[in-house]
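Report on one structure; see the data block that follows.
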Amino acid sequence: MRILRKIWLFLANLPMERKLIVVFVFLISLPITYVSYLSSRSMFNSVLANATESAGQMTTNASDTIDRYVADLKRYTTLPLYNTDVQYYLTQSYTDWDKNTGMAMFLSYLKHTKGEILAVYMVDQYGSIFYDTAPGVNETAPAERLAGWRSLSEAGGAAPIIQGRHTIRVNSTAHKEVFSVLRTINSVSTLKNIGILVFDIDIGLFKGIVEPVNAVTQGNTLIVDDKGDLMYSGETAKNTPPEELALNRQLLLDQVKLDHGHFQIMLGGEPHLAVYTVSRQTGWTTMVTIPLSRILSPVKKNRNALIFTTLIIIAFALVVATFISHALTKPLKSMVRLMKQVQHGNLEVWLHPKYNDEIGILGSHFNRMIIRVKDLLQEVSLTEKRKQKADMRALQNQINPHFIYNTLESIRMLAESNDDPRVAKLTYLLGLQMRYSIVRSEEPVTIRQELDHVRNYFHLLQIRFPDKFKLEINVPENFLHLPVIKLVFQPIVENAVFHGLDQKVGLGTLRITAWEEEGKVVFSIEDDGVGMDQETLRSLNNSLDNGATGEKFGIGLRNVNERIRLHYGSPCGLLVDSEPGQGTRVSLRINTAAGDADEEQ
């Protein structure tokens, strides 16, 4: 905040010419910069949204293609159920030429249903393994895998099972990455387990699915199975260390919460956009990660062009603003020079405006001001004489309250002479009220004097309304000597009587108490009258806080509150609390330190 104030003071103290230059440049550069920002931001959001939508469609299509492929393989695993020869061969305990030939023909047919099938295996009821492989696949070692197949088939029951990515040996020196689809073969007649059918699928089939996605999105596509293990990764991940690749894959999978979606993530210190689709059939996640730098490269080029254009416009505006501000401030500089002469007492100056614009009008008014100053100097003596006469009239007007007080004293003496003590006492008390109000109204009094004034006022009320009001004062003795401005309690008491107690049926009680709180003395003027609702209470307190001049709540409380704040400071003043039917309490807070200081003076 202090820095902003220093900047503001620096700008405010600049010459008018420089201020105009700053304003012109600011008014031109700010809209252009803002529009450039909005344009760049809009293009950023548009490009990002289009890239996200396109990547989402591509991942969904790739996932659907994989789902259809796996669904076909699952359907092929049901073919042994419809082939009676295969059903017979699987239950035949011995292996002859017919069984070898029949099984070989059937497996060859299955292998040729999909070009990516590297090998197909069938295990009969007695553990004999028959298989057919693609060209180049010579040593698959199915006997080593038989135990694993049995375990998987038992876990899956009659449903097909997908075994995630794993490595098989195709000859003595080479290996292949595959995933497998296997199924338990049940007898159609007895429904008993009579064998196992296994497909080994070359993992390279995903390359043809993933490459179009990578080509369009310029990203890297991952396929992860339902256990979180990697099925396939695009070409761009080949140079990434395996540890970093596994960590990145886990970070990505941690963000997958829905069937499909997208998010932004930091990978390798660079922000990426990740778009994914989770297959409902296989549970596999197809995800493409695209570096934001590739997506936003067109936006950066456009942003640089906007920045360059903005700088050119600001530079041009600076040149134009310099010429315009000089032309506008030249007459003002002449006026300032003449004003300095006037400041030193030379009133024989005259400005000659050239144009009828605002500056020319200002120059004409400057000339009129000089004429008016000369006239005012001649009227100073007359004004002083008028002020003296006004002071005399104000002193004479003070005679009127004294005249009223003296008249009341005469009425009291006349009532006593006529043996009417009630009227005499009433007149006497009224005289005390008048005298207290007019004698040394500008000087402070003590709390004791203020409370005595309240008692006299209450005696007046008791004479006028017998058995209607009761006053209880419980103020500690050590507070009675404190100084206070005059007439702070009586307006509050009067307000409580006529707005709270007067409308109550039966005897009404008014209590005045006091205590010390946080270095301040708090007086409570509380009545058990009719009270007020919360809306009226809120409006009254707002009127006291804001110093409103409305007539809704009268002027008594507001006058007391304003005088207290002027004398003791803004933390002091009045606070009203009330409940309908329960009464009203007015808290008056004064600063004892301020009061003591005034007393010493």
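Scheme for the structure tokens: letters A, B, ... for chains in order shown; per-chain residue numbers from 1; ligand numbers from 1 in order shown.
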Residue set, region 128-360 of chain A restricted to helix (DSSP H, G or I), as an MDAnalysis selection string: chainID A and resid 142:156 205:217 235:237 242:254 292:295 297:343 358:360
So which bits of region 260-380 of chain A end up strand (DSSP E or B) when you DSSP the backbone, as a count of residues only? 24
For CA of Ile209 (chain A) and CA of Met266 (chain A), quote the distance in Å rounded to one decimal. 25.8 Å
Quick one: of A:Val299, A:Leu566, A:Leu182, A:Leu507, who's nearest to Pro466 (chain A), counting only C-alpha atoms? A:Leu507
Mind checking which residues fall within 10 Å of Phe106 (chain A), counting only C-alpha atoms, ignoring those fewer than 6 positions away in the same chain, and posting them as a PDB file with C-alpha atoms, in the first residue's frame?
ATOM      1  CA  LEU A  79     -15.563 -72.596 -32.214  1.00  0.00           C
ATOM      2  CA  PRO A  80     -14.442 -75.911 -30.603  1.00  0.00           C
ATOM      3  CA  ASN A  83     -17.001 -78.909 -33.976  1.00  0.00           C
ATOM      4  CA  ASP A  85     -14.616 -83.911 -34.373  1.00  0.00           C
ATOM      5  CA  VAL A  86     -12.661 -81.574 -32.087  1.00  0.00           C
ATOM      6  CA  MET A 122      -5.157 -76.678 -27.865  1.00  0.00           C
ATOM      7  CA  TYR A 131      -0.438 -76.159 -31.835  1.00  0.00           C
ATOM      8  CA  ASP A 132       0.035 -74.285 -35.077  1.00  0.00           C
TER       9      ASP A 132
END
With a distance cut-off of 7 Å and only C-alpha atoms, select the neighbouring residues of region 342-352 of chain A, excluding the residue or stretch itself and same-chain residues fewer than 6 positions from it, and output the selection as a PyMOL selection string. chain A and resi 363+367+370
Writing out the chosen residues with all heavy atoms as a short mmCIF file (atom, residue, chain, number, x, y, z; two decimals), in the first residue's frame:
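The new file part.cif reads:
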data_model
loop_
_atom_site.label_atom_id
_atom_site.label_comp_id
_atom_site.auth_asym_id
_atom_site.auth_seq_id
_atom_site.Cartn_x
_atom_site.Cartn_y
_atom_site.Cartn_z
N GLY A 363 -8.73 31.04 -19.30
CA GLY A 363 -8.00 32.30 -19.30
C GLY A 363 -8.91 33.50 -19.11
O GLY A 363 -8.58 34.44 -18.38
N ASN A 367 -8.89 36.27 -15.99
CA ASN A 367 -8.94 37.74 -16.06
C ASN A 367 -10.06 38.29 -15.19
O ASN A 367 -9.90 39.30 -14.48
CB ASN A 367 -9.13 38.18 -17.50
CG ASN A 367 -7.93 37.84 -18.37
OD1 ASN A 367 -6.80 37.73 -17.88
ND2 ASN A 367 -8.15 37.65 -19.66
N ILE A 370 -9.09 38.23 -11.53
CA ILE A 370 -8.23 39.34 -11.13
C ILE A 370 -9.08 40.57 -10.83
O ILE A 370 -8.87 41.28 -9.83
CB ILE A 370 -7.20 39.64 -12.24
CG1 ILE A 370 -6.25 38.44 -12.43
CG2 ILE A 370 -6.40 40.90 -11.90
CD1 ILE A 370 -5.45 38.09 -11.21
#
